[in-house]
>>> print(open('run-v5.cif').read())   # mmCIF, C-alpha atoms
data_data
#
loop_
_atom_site.label_atom_id
_atom_site.label_comp_id
_atom_site.auth_asym_id
_atom_site.auth_seq_id
_atom_site.Cartn_x
_atom_site.Cartn_y
_atom_site.Cartn_z
CA MET G 1 108.67 297.69 71.35
CA MET G 2 108.87 299.24 74.83
CA ILE G 3 105.43 297.82 75.61
CA ILE G 4 106.54 294.31 74.72
CA ALA G 5 109.65 294.57 76.87
CA THR G 6 107.59 295.68 79.87
CA LEU G 7 105.07 292.91 79.35
CA THR G 8 107.77 290.25 79.40
CA THR G 9 109.64 291.39 82.50
CA LEU G 10 107.00 291.73 85.19
CA PRO G 11 105.58 288.63 86.92
CA GLY G 12 101.95 287.60 87.12
CA GLY G 13 99.04 287.59 84.69
CA ALA G 14 98.96 286.75 81.02
CA GLY G 15 100.97 289.89 80.28
CA ALA G 16 104.01 288.23 81.82
CA ARG G 17 104.25 285.83 78.91
CA SER G 18 107.19 285.94 76.58
CA SER G 19 106.70 287.84 73.35
CA SER G 20 107.41 284.52 71.62
CA ASP G 21 104.21 283.06 73.12
CA PRO G 22 101.04 283.37 71.03
CA LEU G 23 98.38 285.88 72.00
CA ARG G 24 95.30 283.77 72.61
CA ILE G 25 92.24 285.67 71.40
CA GLY G 26 88.62 284.66 71.83
CA VAL G 27 86.25 285.44 68.94
CA SER G 28 82.73 284.31 68.07
CA TYR G 29 83.81 282.53 64.88
CA VAL G 30 87.21 281.53 63.55
CA PRO G 31 87.24 281.71 59.73
CA PRO G 32 89.07 278.87 58.01
CA GLU G 33 92.68 279.47 57.14
CA PRO G 34 93.60 279.77 53.45
CA GLY G 35 93.92 276.32 51.96
CA PRO G 36 95.04 275.06 48.56
CA ALA G 37 95.33 277.51 45.68
CA GLU G 38 91.90 276.54 44.35
CA TYR G 39 90.24 277.36 47.69
CA ARG G 40 88.56 280.77 47.58
CA VAL G 41 89.17 282.99 50.59
CA TYR G 42 86.17 285.08 51.63
CA THR G 43 85.97 288.31 53.61
CA PRO G 44 84.81 287.51 57.17
CA GLU G 45 81.52 288.84 58.50
CA SER G 46 82.90 290.81 61.41
CA PHE G 47 85.98 292.90 62.08
CA ASP G 48 86.82 291.00 65.27
CA VAL G 49 89.45 288.73 63.68
CA LEU G 50 90.97 291.63 61.74
CA ILE G 51 91.28 293.79 64.87
CA ALA G 52 92.61 290.84 66.85
CA ARG G 53 95.34 290.30 64.24
CA LYS G 54 96.27 293.98 64.41
CA ILE G 55 96.51 293.83 68.21
CA ALA G 56 98.76 290.79 68.09
CA GLU G 57 100.91 292.33 65.34
CA ARG G 58 101.44 295.57 67.27
CA LEU G 59 102.38 293.58 70.39
CA GLY G 60 104.80 291.39 68.47
CA ARG G 61 102.80 288.25 69.26
CA LYS G 62 101.44 285.54 66.98
CA PRO G 63 97.60 285.40 67.19
CA GLU G 64 96.02 282.14 68.29
CA PHE G 65 92.24 282.19 67.88
CA VAL G 66 89.78 280.44 70.17
CA GLN G 67 86.09 280.22 69.21
CA LEU G 68 83.95 281.29 72.16
CA SER G 69 80.27 281.93 72.80
CA GLU G 70 79.24 284.77 75.11
CA VAL G 71 78.59 282.40 78.01
CA ASP G 72 82.22 281.29 77.84
CA TRP G 73 83.74 284.78 77.94
CA SER G 74 84.12 285.14 81.70
CA PRO G 75 85.30 281.62 82.60
CA SER G 76 87.75 281.56 79.70
CA LEU G 77 89.37 284.81 80.81
CA LYS G 78 89.38 283.77 84.47
CA ARG G 79 91.09 280.47 83.68
CA HIS G 80 93.52 282.27 81.34
CA GLU G 81 92.44 280.07 78.47
CA VAL G 82 92.48 283.28 76.44
CA ASP G 83 94.33 286.54 76.97
CA VAL G 84 91.82 288.83 75.33
CA ILE G 85 88.37 288.57 73.75
CA VAL G 86 87.22 290.66 70.80
CA GLY G 87 83.48 290.61 70.26
CA ARG G 88 80.17 292.41 69.97
CA VAL G 89 78.88 293.69 73.29
CA PRO G 90 75.11 294.41 73.30
CA ASP G 91 73.96 296.84 75.99
CA GLU G 92 71.78 294.16 77.58
CA ILE G 93 74.78 291.95 78.32
CA ARG G 94 75.98 292.39 81.89
CA LEU G 95 79.71 291.92 81.91
CA PRO G 96 81.52 290.94 85.12
CA ARG G 97 82.93 293.83 87.14
CA ASP G 98 86.41 292.43 86.72
CA PHE G 99 86.22 292.87 82.92
CA ILE G 100 88.15 295.67 81.29
CA VAL G 101 86.29 296.71 78.14
CA VAL G 102 88.11 298.70 75.47
CA ASP G 103 86.05 299.98 72.54
CA THR G 104 87.52 299.42 69.09
CA GLY G 105 85.71 302.42 67.57
CA PHE G 106 83.26 300.35 65.52
CA SER G 107 79.58 299.86 66.23
CA SER G 108 76.58 298.96 64.11
CA GLY G 109 73.04 297.77 64.28
CA ALA G 110 71.67 294.99 62.11
CA ALA G 111 69.74 295.58 58.89
CA ALA G 112 68.59 293.60 55.87
CA SER G 113 69.42 293.35 52.20
CA MET G 114 66.40 292.50 50.04
CA ARG G 115 65.20 292.89 46.48
CA THR G 116 63.53 296.24 45.88
CA ASP G 117 60.37 294.45 44.70
CA THR G 118 59.98 292.63 48.02
CA ASP G 119 56.69 292.66 49.88
CA VAL G 120 58.49 292.56 53.23
CA ARG G 121 57.76 295.85 55.03
CA ASN G 122 58.78 295.12 58.61
CA TRP G 123 60.78 292.58 60.59
CA GLN G 124 57.63 290.62 61.47
CA ASP G 125 57.01 289.99 57.76
CA LEU G 126 60.09 287.73 57.72
CA ALA G 127 58.28 285.07 59.73
CA GLY G 128 58.35 281.87 57.72
CA ARG G 129 60.60 283.40 55.05
CA THR G 130 64.13 282.21 54.32
CA VAL G 131 66.75 284.53 55.80
CA CYS G 132 70.50 284.25 55.37
CA VAL G 133 73.08 285.30 57.94
CA ALA G 134 76.82 284.77 58.24
CA ARG G 135 78.68 283.13 61.08
CA GLY G 136 80.35 285.64 63.30
CA ASN G 137 77.43 288.08 63.50
CA THR G 138 75.75 286.96 66.70
CA VAL G 139 73.40 289.96 66.67
CA ALA G 140 72.13 289.20 63.14
CA LEU G 141 71.68 285.53 63.97
CA ALA G 142 69.66 286.30 67.11
CA LEU G 143 67.49 288.77 65.20
CA ALA G 144 66.83 286.33 62.37
CA ARG G 145 65.69 283.71 64.84
CA GLN G 146 63.47 286.20 66.68
CA THR G 147 61.56 286.99 63.50
CA GLY G 148 60.51 283.36 63.13
CA ALA G 149 62.29 283.06 59.80
CA GLN G 150 63.86 279.93 58.40
CA VAL G 151 67.51 280.76 59.02
CA LYS G 152 70.34 279.75 56.69
CA ILE G 153 73.78 280.21 58.23
CA GLU G 154 76.67 280.73 55.85
CA ASP G 155 80.41 280.91 56.50
CA ALA G 156 80.89 284.34 54.92
CA PRO G 157 78.80 287.43 54.08
CA ALA G 158 79.26 286.97 50.33
CA LYS G 159 77.79 283.47 50.58
CA SER G 160 74.80 284.91 52.40
CA LEU G 161 74.23 287.94 50.19
CA VAL G 162 74.52 286.08 46.89
CA GLN G 163 71.44 284.09 47.86
CA VAL G 164 69.36 287.26 47.97
CA ARG G 165 70.42 288.00 44.41
CA THR G 166 69.58 284.48 43.25
CA GLY G 167 66.25 284.39 45.09
CA ILE G 168 67.14 281.57 47.48
CA CYS G 169 66.85 283.89 50.47
CA ASP G 170 64.20 286.57 50.97
CA ALA G 171 66.64 288.62 53.01
CA ALA G 172 70.17 288.63 54.33
CA ILE G 173 70.86 290.25 57.71
CA HIS G 174 74.20 291.95 58.27
CA ASP G 175 75.68 295.08 59.85
CA GLU G 176 73.67 298.12 58.79
CA THR G 177 76.83 300.25 58.56
CA LEU G 178 78.40 297.81 56.09
CA LEU G 179 75.25 297.26 54.05
CA GLU G 180 74.99 301.02 53.54
CA ARG G 181 78.40 300.98 51.86
CA LEU G 182 77.63 297.79 49.94
CA PHE G 183 74.49 299.35 48.46
CA GLN G 184 76.69 302.07 46.97
CA GLN G 185 78.60 299.49 44.93
CA GLN G 186 77.72 299.02 41.28
CA GLY G 187 74.90 296.55 40.71
CA TRP G 188 73.47 296.62 44.24
CA GLN G 189 70.66 299.14 43.81
CA LYS G 190 68.13 296.37 43.00
CA PHE G 191 69.02 294.63 46.26
CA SER G 192 69.11 297.66 48.54
CA ALA G 193 65.65 297.34 50.09
CA THR G 194 66.10 297.18 53.83
CA LEU G 195 64.35 297.42 57.20
CA PRO G 196 64.79 299.78 60.16
CA PRO G 197 68.16 298.97 61.77
CA THR G 198 68.35 297.64 65.28
CA PRO G 199 70.22 299.69 67.94
CA PRO G 200 74.00 299.85 67.42
CA VAL G 201 76.16 297.25 69.13
CA ARG G 202 79.80 298.07 69.81
CA LEU G 203 82.77 295.90 68.97
CA ALA G 204 85.15 295.80 71.92
CA ALA G 205 88.18 294.09 73.35
CA MET G 206 87.68 292.50 76.77
CA LEU G 207 90.37 291.60 79.28
CA ASP G 208 90.64 290.61 82.91
CA THR G 209 91.57 293.20 85.52
CA ASP G 210 94.32 290.94 86.86
CA ASP G 211 96.34 291.62 83.71
CA PRO G 212 96.71 295.44 83.73
CA LEU G 213 99.87 295.44 81.63
CA LEU G 214 98.21 293.68 78.72
CA SER G 215 95.09 295.80 79.15
CA ASP G 216 97.10 299.02 78.92
CA ALA G 217 98.96 297.71 75.87
CA VAL G 218 95.72 296.74 74.09
CA ARG G 219 94.21 300.14 74.91
CA GLN G 220 97.23 301.88 73.36
CA VAL G 221 97.02 299.72 70.24
CA LEU G 222 93.30 300.40 69.76
CA ASP G 223 93.87 304.13 70.27
CA GLN G 224 96.37 303.97 67.40
CA ILE G 225 94.32 301.92 64.94
CA GLY G 226 90.79 302.91 65.92
CA SER G 227 90.52 306.35 64.34
CA ALA G 228 87.38 307.33 62.46
CA GLY G 229 89.36 307.56 59.22
CA THR G 230 90.72 304.06 59.62
CA TRP G 231 87.24 302.64 60.18
CA VAL G 232 85.90 304.37 57.07
CA GLU G 233 88.68 302.76 55.03
CA LEU G 234 88.04 299.33 56.55
CA GLN G 235 84.30 299.54 55.89
CA GLU G 236 84.75 300.65 52.30
CA LYS G 237 87.27 297.86 51.71
CA TRP G 238 84.81 295.35 53.18
CA ALA G 239 82.07 296.52 50.80
CA ARG G 240 84.33 296.36 47.74
CA ASN G 241 85.64 292.92 48.62
CA VAL G 242 82.23 291.43 49.41
CA ALA G 243 80.70 292.88 46.23
CA PHE G 244 83.49 291.29 44.19
CA GLU G 245 83.15 287.95 45.97
CA VAL G 246 79.39 287.92 45.33
CA TYR G 247 80.08 288.68 41.66
CA LEU G 248 82.50 285.75 41.47
CA ASP G 249 80.02 283.38 43.09
CA GLN G 250 77.07 284.48 40.98
CA ASP G 251 78.36 285.53 37.59
CA ALA G 252 81.95 284.50 36.99
CA PRO G 253 82.86 281.14 35.44
CA ASP G 254 83.42 278.39 37.98
CA CYS G 255 87.17 278.18 38.47
CA HIS G 256 87.14 275.46 41.13
#
>>> encode(input="run-v5.cif", output="structure tokens")
Amino acid sequence: MMIIATLTTLPGGAGARSSSDPLRIGVSYVPPEPGPAEYRVYTPESFDVLIARKIAERLGRKPEFVQLSEVDWSPSLKRHEVDVIVGRVPDEIRLPRDFIVVDTGFSSGAAASMRTDTDVRNWQDLAGRTVCVARGNTVALALARQTGAQVKIEDAPAKSLVQVRTGICDAAIHDETLLERLFQQQGWQKFSATLPPTPPVRLAAMLDTDDPLLSDAVRQVLDQIGSAGTWVELQEKWARNVAFEVYLDQDAPDCH
């Protein structure tokens, strides 16, 4: 609570906001909020929204999500349209010097899930094939397009991966770290064919240097929640949840 008190007493910057103000967080994709009881909630593709919620919770602020593309990162921070951005930061992206980048502790390359009887042997073989990706994984989407595949974009990883099992998609591209854990789930061995992963891309929080109080607070929060053990738990939970959601979509009776 001491961090929150400090943030609300000093003037200047977004950190001077009252703790009753929402924490505006930029992410690549904002998953839909839970709707009516019959609406199925899916596990999001990335951990950016989850980490953003944890940051806001630790700071005693309500999260307010803003969907941003990479080209909007810098102007949105400079105009204080968002207080912090949580996103994937490829090495080739040149961030402005006035960005403070705080690693979350998670990084992964992209890989594929395919049937083990596939004739796809390299990324180039996906040209002209149907490839599924999920919104929120900008790296996977860019890779799918680079291969020349016919890209199907789904709202959630389960919706993408189920189409590999049903034969609609030749491959689904997701985080290699998460697919590794998914392939360990029961019933996934037949769909564990993959391709060499791309270089790891880190997930990070980005802030403007003119808000050092908020930057320090976010760094402290990520130090607390970003341990290796915590990330193992989060990845295993992701795999279990997505495997169950795929099962519901493919095999369970339609309850809608």
>>> resolve_selection(input="run-v5.cif", expression="the PyMOL selection byres ((chain G and resi 106-123) around 8)", output="PyMOL selection string")
chain G and resi 103-105+124-127+139-140+147+161+164-165+170-177+179+189-203+226+231
>>> residues_around(input="run-v5.cif", residues="stretch 46-50 of chain G", least_positions_apart="4", cutoff="8 Å", atoms="only C-alpha atoms", output="mmCIF file with C-alpha atoms, in the coordinates of the input")
data_model
loop_
_atom_site.group_PDB
_atom_site.id
_atom_site.type_symbol
_atom_site.label_atom_id
_atom_site.label_comp_id
_atom_site.auth_asym_id
_atom_site.auth_seq_id
_atom_site.Cartn_x
_atom_site.Cartn_y
_atom_site.Cartn_z
ATOM 1 C CA VAL G 27 86.250 285.440 68.940
ATOM 2 C CA VAL G 30 87.210 281.530 63.550
ATOM 3 C CA LYS G 54 96.270 293.980 64.410
ATOM 4 C CA VAL G 86 87.220 290.660 70.800
ATOM 5 C CA GLY G 87 83.480 290.610 70.260
ATOM 6 C CA GLY G 136 80.350 285.640 63.300
ATOM 7 C CA ASN G 137 77.430 288.080 63.500
ATOM 8 C CA LEU G 203 82.770 295.900 68.970
#
>>> atom_distance(input="run-v5.cif", atom1="atom CA of G:Lys159", atom2="atom CA of G:Val41")
11.4 Å
>>> closest_residue(input="run-v5.cif", among="G:Ala217, G:Leu207, G:Ala156, G:Val232", to="G:Trp73", atoms="all atoms listed in the file")
G:Leu207
>>> closest_residue(input="run-v5.cif", among="G:Leu248, G:Met206, G:Leu23, G:Ala158", to="G:Leu182", atoms="all atoms listed in the file")
G:Ala158
>>> residues_near_point(input="run-v5.cif", point="(79.4, 284.8, 85.2)", cutoff="10 Å", atoms="all atoms listed in the file", output="list in words")
Val71, Asp72, Trp73, Ser74, Pro75, Arg94, Leu95, Pro96 and Arg97 of chain G
>>> atom_distance(input="run-v5.cif", atom1="atom CA of G:Ser215", atom2="atom CA of G:Glu236")
29.2 Å
>>> closest_residue(input="run-v5.cif", among="G:Ala142, G:Leu213, G:Cys169, G:Ile25", to="G:Pro90", atoms="all atoms listed in the file")
G:Ala142
>>> atom_distance(input="run-v5.cif", atom1="atom CA of G:Arg58", atom2="atom CA of G:Ile100")
19.3 Å
>>> resolve_selection(input="run-v5.cif", expression="the PyMOL selection byres ((chain G and resi 22) around 6)", output="list in words")
Asp21, Leu23, Arg24, Arg61, Lys62, Pro63 and Glu64 of chain G
